[in-house]
>>> print(open('target-v4.cif').read())   # mmCIF, C-alpha atoms
data_start
loop_
_atom_site.label_atom_id
_atom_site.label_comp_id
_atom_site.auth_asym_id
_atom_site.auth_seq_id
_atom_site.Cartn_x
_atom_site.Cartn_y
_atom_site.Cartn_z
CA GLN P 453 140.54 217.82 89.94
CA ALA P 454 141.78 221.02 91.49
CA LEU P 455 142.64 222.39 88.05
CA ARG P 456 139.22 221.51 86.68
CA ILE P 457 137.57 223.23 89.63
CA GLY P 458 139.83 226.15 88.89
CA GLY P 459 137.71 226.88 85.83
CA SER P 460 135.21 228.43 88.25
CA SER P 461 137.80 229.98 90.51
CA VAL P 462 136.39 233.50 90.29
CA LEU P 463 132.94 232.33 91.38
CA PHE P 464 134.30 230.22 94.20
CA GLY P 465 136.63 233.03 95.22
CA LYS P 466 133.64 235.30 95.86
CA ARG P 467 131.74 232.66 97.81
CA ASN P 468 134.48 231.04 99.76
CA PHE P 469 137.63 232.83 100.93
CA ALA P 470 139.29 229.55 101.92
CA ILE P 471 139.01 228.20 98.37
CA SER P 472 140.28 231.50 96.98
CA ARG P 473 143.29 231.33 99.32
CA LEU P 474 143.89 227.73 98.27
CA PHE P 475 144.20 228.70 94.61
CA SER P 476 146.31 231.71 95.54
CA SER P 477 148.70 229.42 97.46
CA PHE P 478 148.82 226.99 94.53
CA SER P 479 149.62 229.82 92.14
CA GLN P 480 152.45 231.07 94.37
CA HIS P 481 153.87 227.56 94.69
CA GLU P 482 153.73 227.07 90.92
CA GLN P 483 155.44 230.40 90.34
CA SER P 484 158.13 229.54 92.89
CA GLN P 485 158.79 226.28 91.12
CA GLN P 486 159.20 228.11 87.81
CA VAL P 487 161.54 230.82 89.16
CA ARG P 488 164.74 229.06 90.10
CA SER P 489 167.50 231.59 89.56
CA ASN P 490 168.88 232.60 92.94
CA PRO P 491 172.68 232.73 93.25
CA LYS P 492 172.66 232.65 97.06
CA LEU P 493 170.49 229.54 97.15
CA GLU P 494 172.55 227.77 94.55
CA SER P 495 175.76 228.63 96.39
CA LEU P 496 174.34 227.30 99.65
CA ARG P 497 173.22 224.07 98.00
CA ARG P 498 176.73 223.55 96.66
CA GLU P 499 178.11 224.04 100.17
CA LEU P 500 175.62 221.54 101.57
CA GLN P 501 176.45 218.98 98.91
CA ALA P 502 180.16 219.39 99.62
CA ARG P 503 179.43 218.57 103.27
CA GLY P 504 177.40 215.49 102.38
CA VAL P 505 173.99 216.67 103.60
CA ASP P 506 170.66 216.97 101.83
CA GLY P 507 169.36 220.17 103.37
CA MET P 508 169.54 222.67 106.20
CA ILE P 509 167.22 224.29 108.73
CA ILE P 510 167.76 227.99 109.43
CA PRO P 511 166.01 229.52 112.46
CA SER P 512 165.88 233.22 113.27
CA ASP P 513 167.83 233.00 116.52
CA ASP P 514 171.26 233.98 117.77
CA PRO P 515 173.31 231.98 120.31
CA HIS P 516 171.22 233.51 123.13
CA LEU P 517 167.94 232.56 121.36
CA SER P 518 166.95 236.21 121.25
CA GLU P 519 163.86 237.27 119.32
CA TYR P 520 165.56 240.39 118.00
CA VAL P 521 169.10 239.60 116.93
CA ALA P 522 172.17 241.57 115.87
CA ALA P 523 172.54 242.05 112.12
CA CYS P 524 175.36 239.49 111.89
CA PHE P 525 172.98 236.74 113.06
CA GLU P 526 170.21 237.56 110.58
CA ARG P 527 171.11 234.55 108.43
CA ARG P 528 167.53 233.60 107.63
CA ALA P 529 166.85 237.15 106.47
CA TYR P 530 170.02 237.24 104.38
CA ILE P 531 169.47 233.97 102.59
CA SER P 532 165.72 234.41 101.96
CA GLY P 533 165.13 238.17 101.84
CA PHE P 534 162.39 237.96 104.50
CA THR P 535 163.26 240.35 107.34
CA GLY P 536 160.48 239.63 109.85
CA SER P 537 161.64 238.76 113.36
CA ALA P 538 159.90 235.34 113.43
CA GLY P 539 160.34 232.56 110.92
CA THR P 540 162.15 229.34 110.10
CA ALA P 541 163.67 228.43 106.75
CA VAL P 542 164.21 224.94 105.36
CA ILE P 543 166.37 224.39 102.30
CA THR P 544 166.44 221.14 100.34
CA MET P 545 168.17 220.39 97.06
CA ASP P 546 165.10 221.44 95.07
CA ARG P 547 162.98 223.61 97.37
CA ALA P 548 163.40 226.55 99.74
CA LEU P 549 160.63 227.34 102.22
CA VAL P 550 159.97 229.83 105.00
CA TRP P 551 157.44 229.26 107.78
CA THR P 552 156.07 232.31 109.56
CA ASP P 553 152.90 233.24 111.41
CA SER P 554 150.03 235.44 110.25
CA ARG P 555 151.64 238.66 111.51
CA TYR P 556 154.18 238.40 108.70
CA TRP P 557 152.37 236.80 105.75
CA LEU P 558 152.03 239.98 103.71
CA GLN P 559 155.57 241.06 104.52
CA ALA P 560 156.96 237.67 103.54
CA GLU P 561 155.01 237.64 100.28
CA ALA P 562 156.58 240.98 99.41
CA GLU P 563 160.14 240.24 100.54
CA LEU P 564 160.91 236.60 99.73
CA GLU P 565 163.41 236.31 96.92
CA ALA P 566 163.22 234.13 93.81
CA GLY P 567 162.95 230.42 94.47
CA TRP P 568 161.38 230.72 97.93
CA GLU P 569 157.97 229.43 99.03
CA LEU P 570 155.95 230.90 101.89
CA GLN P 571 154.44 228.44 104.35
CA ARG P 572 151.67 230.14 106.32
CA SER P 573 152.02 228.63 109.78
CA GLY P 574 148.69 227.69 111.31
CA SER P 575 146.86 227.42 107.99
CA ILE P 576 144.94 224.30 107.03
CA ASP P 577 147.09 221.79 105.13
CA VAL P 578 150.33 223.58 106.01
CA PRO P 579 152.55 221.11 107.88
CA SER P 580 154.69 222.14 110.81
CA VAL P 581 158.40 222.57 110.20
CA SER P 582 159.16 219.33 112.04
CA ASP P 583 156.56 217.28 110.14
CA PHE P 584 157.81 218.61 106.82
CA VAL P 585 161.41 217.84 107.75
CA GLY P 586 160.49 214.36 108.98
CA LYS P 587 158.84 213.46 105.68
CA GLU P 588 161.21 215.31 103.37
CA PHE P 589 164.37 213.81 104.84
CA ALA P 590 163.16 210.22 105.28
CA ASP P 591 165.04 207.12 104.13
CA GLY P 592 168.40 208.08 105.55
CA LYS P 593 168.67 211.61 104.21
CA VAL P 594 170.64 214.07 106.32
CA VAL P 595 169.53 217.56 107.34
CA ALA P 596 171.86 219.96 109.12
CA ILE P 597 171.41 222.58 111.81
CA ASP P 598 173.75 225.16 113.29
CA ALA P 599 173.67 223.90 116.88
CA ARG P 600 174.83 227.27 118.19
CA VAL P 601 171.57 228.98 117.22
CA THR P 602 169.10 226.09 117.47
CA SER P 603 167.17 225.52 120.68
CA ALA P 604 167.27 222.12 122.35
CA LYS P 605 163.48 222.01 122.08
CA LEU P 606 163.52 222.47 118.31
CA ALA P 607 166.33 219.95 117.89
CA SER P 608 164.51 217.30 119.92
CA THR P 609 161.27 217.94 118.00
CA LEU P 610 163.15 217.47 114.73
CA VAL P 611 164.73 214.22 115.90
CA GLU P 612 161.32 212.88 116.94
CA ALA P 613 159.84 213.74 113.56
CA LEU P 614 162.76 212.22 111.65
CA ASN P 615 162.38 208.98 113.62
CA LYS P 616 158.60 209.00 113.20
CA PHE P 617 158.55 209.45 109.44
CA GLY P 618 161.35 207.23 108.29
CA GLY P 619 164.81 207.40 109.76
CA GLY P 620 166.32 210.64 108.52
CA GLN P 621 169.35 212.01 110.34
CA LEU P 622 169.98 215.34 112.03
CA GLU P 623 173.55 216.62 111.81
CA CYS P 624 174.65 219.32 114.27
CA TRP P 625 177.26 221.81 113.14
CA GLN P 626 179.35 224.38 115.01
CA GLU P 627 179.70 226.49 111.87
CA ASN P 628 177.32 227.94 109.31
CA PRO P 629 177.92 227.80 105.55
CA ILE P 630 175.70 230.86 105.07
CA ASP P 631 178.55 232.91 106.57
CA LEU P 632 180.81 231.79 103.71
CA ILE P 633 178.28 232.98 101.14
CA TRP P 634 177.70 236.23 103.04
CA GLY P 635 181.46 236.78 103.03
CA ASP P 636 182.82 240.26 103.66
CA GLN P 637 179.32 241.73 103.49
CA ARG P 638 178.34 240.05 106.77
CA PRO P 639 178.10 242.65 109.57
CA GLN P 640 180.62 242.44 112.38
CA LEU P 641 179.82 240.89 115.74
CA PRO P 642 178.57 243.39 118.33
CA SER P 643 181.41 245.10 120.17
CA GLU P 644 179.52 247.26 122.67
CA LYS P 645 180.31 246.91 126.36
CA LEU P 646 178.19 244.48 128.35
CA ARG P 647 175.69 245.99 130.74
CA VAL P 648 175.49 244.35 134.16
CA HIS P 649 171.89 244.08 135.34
CA PRO P 650 171.63 245.38 138.94
CA ILE P 651 171.11 242.61 141.49
CA GLU P 652 167.86 244.16 142.71
CA TYR P 653 166.40 243.46 139.27
CA ALA P 654 168.28 240.27 138.40
CA GLY P 655 167.48 238.65 141.74
CA GLU P 656 170.63 236.52 141.66
CA SER P 657 174.26 237.16 140.75
CA ALA P 658 175.80 235.78 137.59
CA SER P 659 178.33 233.76 139.60
CA ASP P 660 175.56 232.08 141.59
CA LYS P 661 173.64 231.23 138.42
CA ILE P 662 176.76 229.77 136.82
CA GLU P 663 177.41 227.67 139.91
CA ARG P 664 173.86 226.30 139.80
CA VAL P 665 174.39 225.29 136.17
CA ARG P 666 177.68 223.58 137.06
CA THR P 667 175.96 221.70 139.89
CA ILE P 668 173.43 220.33 137.42
CA MET P 669 176.20 219.45 134.99
CA ARG P 670 178.09 217.53 137.66
CA LYS P 671 174.92 215.75 138.69
CA ASN P 672 174.34 214.62 135.12
CA GLY P 673 177.93 213.54 134.57
#
>>> encode(input="target-v4.cif", output="structure tokens")
Amino acid sequence: QALRIGGSSVLFGKRNFAISRLFSSFSQHEQSQQVRSNPKLESLRRELQARGVDGMIIPSDDPHLSEYVAACFERRAYISGFTGSAGTAVITMDRALVWTDSRYWLQAEAELEAGWELQRSGSIDVPSVSDFVGKEFADGKVVAIDARVTSAKLASTLVEALNKFGGGQLECWQENPIDLIWGDQRPQLPSEKLRVHPIEYAGESASDKIERVRTIMRKNG
């Protein structure tokens, strides 16, 4: 039905921006499905298969969950080509998608490499990352995350969605196969000296903060 309506797409595009955007999204999806050649994606899928998982979720964060990360932690940018500071990638064995908000739609359209699909977060009929993952990895499929750069909130949301939609599994790793693909081209870890924030601005010393964390850890066994 959508294709038959598409016969009047120019007319509808002038009258209704939403319908025009719908056909634009369909066209981009169709083109993404046709363009499959992407050596980095294919290499990553081989790594995932070797580890016995069906896909992987790649956030934009570093181990400190910073918004702006050092170059060596820009794994989502490296694997997809999209360099915006906000976005989450999901890779399955036959699709590769990036979710980002409206600030970055035009940038993502321009930067995403072959084989990638843009998911415009907040748009009608665009599922959240967790809902997509829950449905895509149902029936016992396994999706992996790098636990070092994934927030507890995102991980718990993913687990809830996997349970809700059909029993998929979330596997937490302490390594990242993207680093193997990146190889010697991956930038080095930052080596600059740490800067101690003055107590008058921090409000509490690092040792006191650490002790509070340890108290909570002991309380929770």
>>> closest_residue(input="target-v4.cif", among="P:Asn672, P:Thr602, P:Ser532, P:Ser554", to="Ala566 in chain P", atoms="only C-alpha atoms")
P:Ser532
>>> resolve_selection(input="target-v4.cif", expression="the PyMOL selection byres ((chain P and resi 611-624) around 9)", output="ChimeraX atom specification")
/P:505,582-600,606-610,625-626
>>> write_last_selection(input="target-v4.cif", atoms="C-alpha atoms", output="PDB file, in the frame of the given file")
ATOM      1  CA  VAL P 505     173.990 216.670 103.600  1.00  0.00           C
ATOM      2  CA  SER P 582     159.160 219.330 112.040  1.00  0.00           C
ATOM      3  CA  ASP P 583     156.560 217.280 110.140  1.00  0.00           C
ATOM      4  CA  PHE P 584     157.810 218.610 106.820  1.00  0.00           C
ATOM      5  CA  VAL P 585     161.410 217.840 107.750  1.00  0.00           C
ATOM      6  CA  GLY P 586     160.490 214.360 108.980  1.00  0.00           C
ATOM      7  CA  LYS P 587     158.840 213.460 105.680  1.00  0.00           C
ATOM      8  CA  GLU P 588     161.210 215.310 103.370  1.00  0.00           C
ATOM      9  CA  PHE P 589     164.370 213.810 104.840  1.00  0.00           C
ATOM     10  CA  ALA P 590     163.160 210.220 105.280  1.00  0.00           C
ATOM     11  CA  ASP P 591     165.040 207.120 104.130  1.00  0.00           C
ATOM     12  CA  GLY P 592     168.400 208.080 105.550  1.00  0.00           C
ATOM     13  CA  LYS P 593     168.670 211.610 104.210  1.00  0.00           C
ATOM     14  CA  VAL P 594     170.640 214.070 106.320  1.00  0.00           C
ATOM     15  CA  VAL P 595     169.530 217.560 107.340  1.00  0.00           C
ATOM     16  CA  ALA P 596     171.860 219.960 109.120  1.00  0.00           C
ATOM     17  CA  ILE P 597     171.410 222.580 111.810  1.00  0.00           C
ATOM     18  CA  ASP P 598     173.750 225.160 113.290  1.00  0.00           C
ATOM     19  CA  ALA P 599     173.670 223.900 116.880  1.00  0.00           C
ATOM     20  CA  ARG P 600     174.830 227.270 118.190  1.00  0.00           C
ATOM     21  CA  LEU P 606     163.520 222.470 118.310  1.00  0.00           C
ATOM     22  CA  ALA P 607     166.330 219.950 117.890  1.00  0.00           C
ATOM     23  CA  SER P 608     164.510 217.300 119.920  1.00  0.00           C
ATOM     24  CA  THR P 609     161.270 217.940 118.000  1.00  0.00           C
ATOM     25  CA  LEU P 610     163.150 217.470 114.730  1.00  0.00           C
ATOM     26  CA  TRP P 625     177.260 221.810 113.140  1.00  0.00           C
ATOM     27  CA  GLN P 626     179.350 224.380 115.010  1.00  0.00           C
TER      28      GLN P 626
END
>>> atom_distance(input="target-v4.cif", atom1="CA of Asn490 in chain P", atom2="CA of Trp557 in chain P")
21.3 Å
>>> residues_around(input="target-v4.cif", residues="Leu570 in chain P", least_positions_apart="6", cutoff="8 Å", atoms="all atoms listed in the file", output="list in words")
Leu549, Val550, Trp551, Thr552, Trp557, Ala560, Glu561 and Leu564 of chain P
>>> closest_residue(input="target-v4.cif", among="P:Glu565, P:Glu494, P:Arg528, P:Gly574", to="Asp546 in chain P", atoms="all atoms listed in the file")
P:Glu494
>>> atom_distance(input="target-v4.cif", atom1="CA of Ser573 in chain P", atom2="CA of Asp506 in chain P")
23.4 Å
>>> closest_residue(input="target-v4.cif", among="P:Ala538, P:Ile668, P:Leu493, P:Ile630", to="Leu517 in chain P", atoms="all atoms listed in the file")
P:Ala538
